[in-house]
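Structure below is structure_18.cif: mmCIF, C-alpha atoms.
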```
data_target
#
loop_
_atom_site.label_atom_id
_atom_site.label_comp_id
_atom_site.auth_asym_id
_atom_site.auth_seq_id
_atom_site.Cartn_x
_atom_site.Cartn_y
_atom_site.Cartn_z
CA MET A 1 139.35 75.87 119.77
CA LYS A 2 136.24 75.19 121.87
CA ASN A 3 132.50 75.55 121.22
CA LEU A 4 132.69 75.20 117.44
CA PRO A 5 129.51 74.08 115.64
CA ASN A 6 129.16 70.38 114.91
CA GLY A 7 131.17 69.36 111.84
CA ILE A 8 133.57 72.35 112.03
CA ASP A 9 137.28 71.91 112.82
CA PHE A 10 140.11 74.44 113.18
CA ASP A 11 143.69 73.47 112.34
CA GLY A 12 145.29 76.66 113.65
CA GLU A 13 144.92 78.45 110.33
CA ILE A 14 141.68 77.45 108.53
CA TYR A 15 138.20 76.52 109.70
CA TRP A 16 137.31 73.25 107.96
CA SER A 17 133.84 71.82 107.53
CA THR A 18 132.97 68.22 106.77
CA CYS A 19 130.60 67.37 103.90
CA PRO A 20 127.67 65.38 105.35
CA GLU A 21 127.42 63.36 102.12
CA CYS A 22 130.96 62.16 101.40
CA GLY A 23 132.92 63.19 104.50
CA ARG A 24 135.37 65.39 102.56
CA LYS A 25 136.91 68.21 104.61
CA GLN A 26 137.08 71.64 103.03
CA GLY A 27 137.28 75.26 103.95
CA ASP A 28 134.22 76.73 102.26
CA MET A 29 131.27 74.48 103.14
CA GLY A 30 130.29 76.88 105.89
CA ASN A 31 129.55 79.49 103.22
CA ASN A 32 127.01 77.31 101.40
CA MET A 33 129.48 76.37 98.63
CA LYS A 34 129.42 73.04 96.80
CA CYS A 35 131.49 70.15 98.09
CA TRP A 36 134.65 69.83 95.97
CA GLU A 37 134.38 66.05 96.00
CA CYS A 38 130.70 65.09 95.48
CA GLY A 39 128.94 68.35 94.54
CA TYR A 40 126.70 68.44 97.63
CA THR A 41 125.35 71.96 98.29
CA PRO A 42 124.01 72.84 101.76
CA MET A 43 120.44 74.11 101.66
CA PRO A 44 120.02 77.63 103.05
CA HIS A 45 117.96 77.92 106.19
CA LYS A 46 114.34 78.92 105.53
CA PRO A 47 113.43 82.09 107.46
CA ARG A 48 110.73 81.79 110.08
CA ILE A 49 107.32 83.29 109.31
CA ALA A 50 105.72 85.46 111.98
CA VAL A 51 102.28 84.24 113.07
CA ILE A 52 100.38 87.15 114.65
CA TYR A 53 97.52 86.84 117.12
CA PRO A 54 95.66 90.09 117.90
CA TYR A 55 94.36 89.42 121.39
CA SER A 56 92.11 90.98 124.02
CA ALA A 57 91.38 89.10 127.24
CA LYS A 58 88.23 91.21 127.71
CA LYS A 59 86.71 89.77 124.54
CA SER A 60 87.78 86.18 125.15
CA LYS A 61 85.00 83.91 126.44
CA TRP A 62 87.08 80.74 126.72
CA GLN A 63 90.67 79.53 126.27
CA GLU A 64 90.43 79.57 122.46
CA ILE A 65 93.84 81.11 121.95
CA ASN A 66 95.60 78.20 123.70
CA TYR A 67 94.04 75.67 121.35
CA SER A 68 94.36 77.84 118.25
CA ILE A 69 98.08 78.16 118.96
CA GLY A 70 98.13 74.39 119.53
CA SER A 71 96.73 73.95 116.02
CA ILE A 72 99.51 76.14 114.57
CA LYS A 73 102.19 74.16 116.40
CA LYS A 74 100.69 70.91 115.14
CA ASN A 75 99.70 71.76 111.58
CA PHE A 76 101.57 74.82 110.23
CA MET A 77 104.34 73.24 108.20
CA GLU A 78 106.62 76.28 107.85
CA PRO A 79 109.35 77.45 110.24
CA HIS A 80 107.52 80.05 112.31
CA LYS A 81 107.45 82.19 115.43
CA ILE A 82 104.16 82.99 117.20
CA PHE A 83 103.51 86.54 118.45
CA ILE A 84 100.59 87.67 120.61
CA MET A 85 99.78 91.37 120.20
CA GLY A 86 97.55 93.47 122.43
CA GLU A 87 97.19 94.84 125.95
CA ASP A 88 97.06 91.40 127.59
CA ASN A 89 99.78 88.76 127.67
CA PRO A 90 98.28 85.29 128.22
CA GLU A 91 101.83 83.95 128.77
CA ILE A 92 101.57 80.91 126.52
CA ALA A 93 104.70 78.78 126.11
CA ASP A 94 106.78 79.27 122.94
CA THR A 95 105.16 82.60 122.08
CA GLN A 96 106.43 86.17 122.17
CA TYR A 97 104.34 89.09 123.41
CA ILE A 98 104.11 92.50 121.71
CA TYR A 99 102.31 95.22 123.66
CA HIS A 100 99.73 97.27 121.77
CA TYR A 101 97.25 99.65 123.36
CA ASP A 102 93.62 99.03 122.37
CA ASN A 103 91.60 102.23 122.44
CA PRO A 104 88.23 101.42 124.12
CA THR A 105 86.45 103.94 121.88
CA PHE A 106 87.71 102.24 118.69
CA THR A 107 86.12 99.38 116.77
CA THR A 108 87.94 96.05 116.49
CA GLU A 109 88.93 96.96 112.93
CA GLN A 110 90.39 100.30 114.05
CA ASN A 111 92.45 98.70 116.82
CA ASN A 112 93.56 95.92 114.48
CA GLY A 113 94.57 98.55 111.93
CA GLY A 114 97.11 99.86 114.41
CA LYS A 115 98.39 96.35 115.00
CA LEU A 116 98.74 95.74 111.26
CA GLU A 117 100.69 98.98 110.90
CA LYS A 118 103.06 97.77 113.60
CA CYS A 119 103.39 94.39 111.84
CA VAL A 120 104.44 95.86 108.49
CA ALA A 121 107.08 97.93 110.29
CA THR A 122 108.41 94.82 112.05
CA PHE A 123 108.07 91.83 109.70
CA ASP A 124 108.67 91.29 105.97
CA LYS A 125 105.71 88.89 105.84
CA PHE A 126 103.33 87.41 108.36
CA ILE A 127 100.29 85.23 108.96
CA TRP A 128 97.36 87.06 110.58
CA MET A 129 95.39 84.77 112.89
CA ASN A 130 92.56 85.09 115.41
CA ASP A 131 92.02 83.08 118.56
CA ASP A 132 88.97 81.41 117.00
CA PHE A 133 90.83 80.23 113.86
CA TYR A 134 92.29 76.71 113.87
CA LEU A 135 94.27 74.62 111.39
CA LEU A 136 92.77 71.14 111.09
CA LYS A 137 95.24 69.75 108.52
CA PRO A 138 98.96 70.13 107.77
CA THR A 139 99.11 73.44 105.90
CA ASP A 140 101.91 75.44 104.30
CA ALA A 141 102.16 79.14 103.49
CA THR A 142 101.25 78.65 99.82
CA ARG A 143 97.93 77.08 100.78
CA ILE A 144 97.11 80.01 103.06
CA MET A 145 98.09 82.51 100.33
CA THR A 146 95.54 80.96 97.96
CA ASN A 147 92.55 80.73 100.30
CA PRO A 148 89.35 81.07 98.25
CA PRO A 149 86.99 84.06 98.68
CA LEU A 150 83.51 83.69 100.11
CA ARG A 151 81.90 84.80 96.86
CA ASN A 152 81.82 87.31 94.04
CA MET A 153 80.18 90.41 95.53
CA ALA A 154 78.08 90.86 92.39
CA ASP A 155 76.14 87.78 93.56
CA TYR A 156 74.82 89.45 96.72
CA LYS A 157 71.14 90.41 96.54
CA SER A 158 71.28 93.15 99.17
CA ARG A 159 73.84 95.12 101.10
CA GLY A 160 72.67 94.43 104.65
CA THR A 161 72.41 97.04 107.36
CA ASN A 162 74.55 96.10 110.38
CA ARG A 163 77.93 97.68 111.13
CA TRP A 164 79.95 94.87 109.56
CA HIS A 165 77.88 94.92 106.36
CA LYS A 166 78.36 98.68 106.09
CA LEU A 167 82.12 98.15 106.42
CA LEU A 168 82.06 95.42 103.76
CA TRP A 169 80.15 97.57 101.29
CA ASN A 170 82.26 100.63 102.00
CA THR A 171 85.21 98.42 101.05
CA PHE A 172 83.40 97.34 97.88
CA ASP A 173 82.60 100.93 96.89
CA MET A 174 86.21 102.04 97.34
CA LEU A 175 87.54 99.08 95.32
CA LYS A 176 85.01 99.76 92.57
CA GLU A 177 85.99 103.43 92.47
CA ALA A 178 89.61 102.29 92.09
CA GLY A 179 88.64 100.28 89.00
CA ILE A 180 88.80 96.79 90.51
CA ASP A 181 86.49 94.32 88.74
CA PRO A 182 85.32 91.73 89.63
CA ILE A 183 85.37 92.25 93.39
CA PHE A 184 85.39 89.27 95.76
CA ASN A 185 84.58 89.07 99.46
CA PHE A 186 87.71 87.66 101.12
CA ALA A 187 86.45 88.07 104.71
CA THR A 188 86.56 84.30 105.18
CA HIS A 189 87.48 84.10 108.90
CA THR A 190 90.52 81.98 108.04
CA PRO A 191 94.28 82.69 108.37
CA GLN A 192 95.61 85.42 106.08
CA PHE A 193 99.10 85.72 104.60
CA TYR A 194 100.41 89.25 104.09
CA ILE A 195 103.57 90.57 102.44
CA SER A 196 104.37 93.80 104.25
CA GLU A 197 105.57 95.66 101.15
CA ASN A 198 102.27 94.92 99.40
CA LEU A 199 100.17 95.78 102.45
CA THR A 200 101.99 99.10 102.81
CA ALA A 201 101.30 99.88 99.15
CA ALA A 202 97.61 99.02 99.61
CA ALA A 203 97.42 101.24 102.71
CA LYS A 204 98.57 104.24 100.67
CA GLN A 205 95.41 103.96 98.55
CA PHE A 206 92.91 102.57 101.08
CA PRO A 207 92.38 103.42 104.80
CA ILE A 208 93.54 100.00 106.04
CA PHE A 209 95.44 101.14 109.12
CA GLU A 210 92.53 103.40 110.08
CA GLY A 211 90.18 100.39 110.15
CA LYS A 212 87.72 101.89 107.65
CA VAL A 213 87.85 98.93 105.23
CA LEU A 214 88.09 95.15 105.52
CA VAL A 215 91.81 94.63 105.09
CA GLU A 216 91.65 91.11 103.65
CA THR A 217 89.07 92.09 101.04
CA VAL A 218 91.16 95.06 99.92
CA TYR A 219 94.46 93.18 99.95
CA PHE A 220 93.41 90.03 98.13
CA ASN A 221 91.46 91.92 95.48
CA LEU A 222 94.59 93.96 94.75
CA PHE A 223 97.04 91.06 95.07
CA ARG A 224 94.70 88.32 93.96
CA PRO A 225 95.77 84.68 94.42
CA TRP A 226 96.03 82.86 91.12
CA PRO A 227 94.52 80.55 90.15
CA LEU A 228 91.52 81.74 92.16
CA MET A 229 90.27 78.78 94.18
CA THR A 230 86.52 78.39 94.58
CA SER A 231 86.09 75.43 96.93
CA GLN A 232 85.70 76.34 100.59
CA GLU A 233 87.78 74.40 103.12
CA LYS A 234 86.35 75.89 106.30
CA ALA A 235 84.11 74.42 108.97
CA GLY A 236 82.22 77.38 110.44
CA PHE A 237 80.04 77.16 113.55
CA TYR A 238 77.91 80.22 114.35
CA THR A 239 74.77 78.79 115.98
CA PRO A 240 74.40 76.08 118.65
CA LYS A 241 72.53 73.90 116.17
CA GLN A 242 75.52 73.78 113.81
CA SER A 243 77.85 72.25 116.39
CA GLN A 244 75.61 69.98 118.49
CA ASN A 245 75.91 66.75 116.50
CA GLN A 246 79.09 64.91 117.47
CA GLU A 247 79.25 62.76 114.33
CA GLN A 248 78.94 65.80 112.09
CA LEU A 249 81.67 67.51 114.09
CA LYS A 250 84.00 64.54 113.58
CA GLU A 251 83.34 64.59 109.84
CA LYS A 252 84.12 68.31 109.63
CA PHE A 253 87.34 67.89 111.59
CA MET A 254 88.44 65.13 109.21
CA THR A 255 87.51 66.79 105.90
CA CYS A 256 88.06 70.54 106.40
CA ARG A 257 91.32 72.49 106.60
CA TYR A 258 90.17 75.38 108.80
CA LEU A 259 87.82 75.78 111.75
CA ASN A 260 86.17 78.99 112.86
CA HIS A 261 83.43 79.63 115.43
CA ASP A 262 81.82 82.48 117.28
CA ASP A 263 80.64 82.45 120.90
CA ARG A 264 77.19 81.10 120.01
CA GLY A 265 78.60 78.22 117.99
CA LEU A 266 81.08 77.18 120.68
CA THR A 267 79.00 74.40 122.23
CA PRO A 268 80.30 71.92 124.84
CA ASN A 269 80.62 69.28 122.09
CA LEU A 270 82.75 71.60 119.96
CA LYS A 271 84.90 72.53 122.96
CA ASP A 272 85.50 68.84 123.69
CA MET A 273 86.50 68.21 120.08
CA ILE A 274 88.92 71.16 120.06
CA ILE A 275 90.49 70.02 123.34
CA GLU A 276 90.81 66.47 122.00
CA HIS A 277 92.71 67.66 118.93
CA PHE A 278 94.87 70.47 120.35
CA GLY A 279 94.82 70.20 124.14
CA SER A 280 98.25 68.61 124.52
CA MET A 281 100.24 71.06 122.38
#
```

Kindly present the structure from the file in structure tokens form.
Amino acid sequence: MKNLPNGIDFDGEIYWSTCPECGRKQGDMGNNMKCWECGYTPMPHKPRIAVIYPYSAKKSKWQEINYSIGSIKKNFMEPHKIFIMGEDNPEIADTQYIYHYDNPTFTTEQNNGGKLEKCVATFDKFIWMNDDFYLLKPTDATRIMTNPPLRNMADYKSRGTNRWHKLLWNTFDMLKEAGIDPIFNFATHTPQFYISENLTAAAKQFPIFEGKVLVETVYFNLFRPWPLMTSQEKAGFYTPKQSQNQEQLKEKFMTCRYLNHDDRGLTPNLKDMIIEHFGSM
């Protein structure tokens, strides 16, 4: 017989596998059974986790997605497959593209709601990324599942008036009406881990796929990580002043787990640091 997997032999009647521990040949090792001789049991293969990037070239000001994906390749410690979802395919190596139409009259949350609905129909579980999220340290799925919230929403002094604040407080009001207490703000701008069965259940009670609530704040208040971590592990840069000092940038890159920035915080110094860490992935 030709083209058999390594360690598998065929004697004309039985396929035999060789135990990698003691070298004993037997006919059932290929089915994850114990070795008759030494008791060795092959470990089952761990399924790959989908890592989803919602992406729009129109909204991208730089090549963030290349370096964000570089950070996943370098620091996400789980078997994974990276998917880019949207109207534009940036054609990045070792990624798979999923087309999704972005309605120009919709908000980002509404368009992302459609993407999330497609994700739960396609994957059992997935990591939701953005092109301005980066992993700065080796990180597994359990760590992402237990990301701490920004704060208890009872601690806010006012509701704010911009569109995002209105969305946050609409989310709060709906959670409160559903009897959730306390309510935490989980809109941390860090990677999010979703189990599709749970997200589907949440979407039956809250308008997640319609983009009328902040999905992470709904989901993680319903399926709250326990114990609830309180220490933040994110370096966030949202003004030029925050990311000008090179020594402070180096310290953040060494001590924090996640990096997030907006267009204003993406200074030349921060770009150089990102390229230095993830430019060769």

Dump as JSON lines the rows for residues of region 97-204 of chain A within 10 Å of region 236-255 of chain A: closest atom pair and distance in Å with one decimal, only C-alpha atoms counted, ordered by chain and rising residue number.
```
{"residue": "A:Phe133", "atom": "CA", "partner": "A:Gly236", "partner_atom": "CA", "distance": 9.7}
{"residue": "A:Leu135", "atom": "CA", "partner": "A:Phe253", "partner_atom": "CA", "distance": 9.7}
{"residue": "A:Leu136", "atom": "CA", "partner": "A:Phe253", "partner_atom": "CA", "distance": 6.3}
{"residue": "A:Lys137", "atom": "CA", "partner": "A:Met254", "partner_atom": "CA", "distance": 8.2}
{"residue": "A:Thr188", "atom": "CA", "partner": "A:Gly236", "partner_atom": "CA", "distance": 9.7}
{"residue": "A:His189", "atom": "CA", "partner": "A:Gly236", "partner_atom": "CA", "distance": 8.7}
{"residue": "A:Thr190", "atom": "CA", "partner": "A:Gly236", "partner_atom": "CA", "distance": 9.8}
```

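Computed from the coordinates, the CA of Ala121 (chain A) to CA of Phe184 (chain A) distance equals 27.5 Å.
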
Exercise for the section: For the structure provided, state which residues fall under the PyMOL selection byres ((chain A and resi 263) around 10), and present them as a ChimeraX atom specification. Expected result: /A:60-62,132,237-240,261-262,264-267

Determine, for each residue of region 59-119 of chain A having at least one atom at most 12 Å from an atom of region 157-172 of chain A, the closest pair of atoms and their separation in Å to one decimal, counting all atoms listed in the file; order by chain and ascending number, as JSON lines.
```
{"residue": "A:Thr107", "atom": "CA", "partner": "A:Arg163", "partner_atom": "CA", "distance": 10.1}
{"residue": "A:Thr108", "atom": "CA", "partner": "A:Trp164", "partner_atom": "CA", "distance": 10.6}
{"residue": "A:Glu109", "atom": "CA", "partner": "A:Leu167", "partner_atom": "CA", "distance": 9.5}
{"residue": "A:Gln110", "atom": "CA", "partner": "A:Leu167", "partner_atom": "CA", "distance": 11.5}
```

Can those selected residues be exported to a file as a short mmCIF file (atom, residue, chain, number, x, y, z; two decimals), in the coordinates of the input so that it contains C-alpha atoms?
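Writing done, so here's out_29.cif:
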```cif
data_model
loop_
_atom_site.label_atom_id
_atom_site.label_comp_id
_atom_site.auth_asym_id
_atom_site.auth_seq_id
_atom_site.Cartn_x
_atom_site.Cartn_y
_atom_site.Cartn_z
CA THR A 107 86.12 99.38 116.77
CA THR A 108 87.94 96.05 116.49
CA GLU A 109 88.93 96.96 112.93
CA GLN A 110 90.39 100.30 114.05
#
```

Problem - Explicit residue set for the PyMOL selection byres ((chain A and resi 232) around 9), as a list in words - result: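 That expression, the PyMOL selection byres ((chain A and resi 232) around 9), corresponds here to Asn147, Pro148, Pro149, Leu150, Met229, Thr230, Ser231, Glu233, Lys234, Ala235 and Cys256 of chain A.
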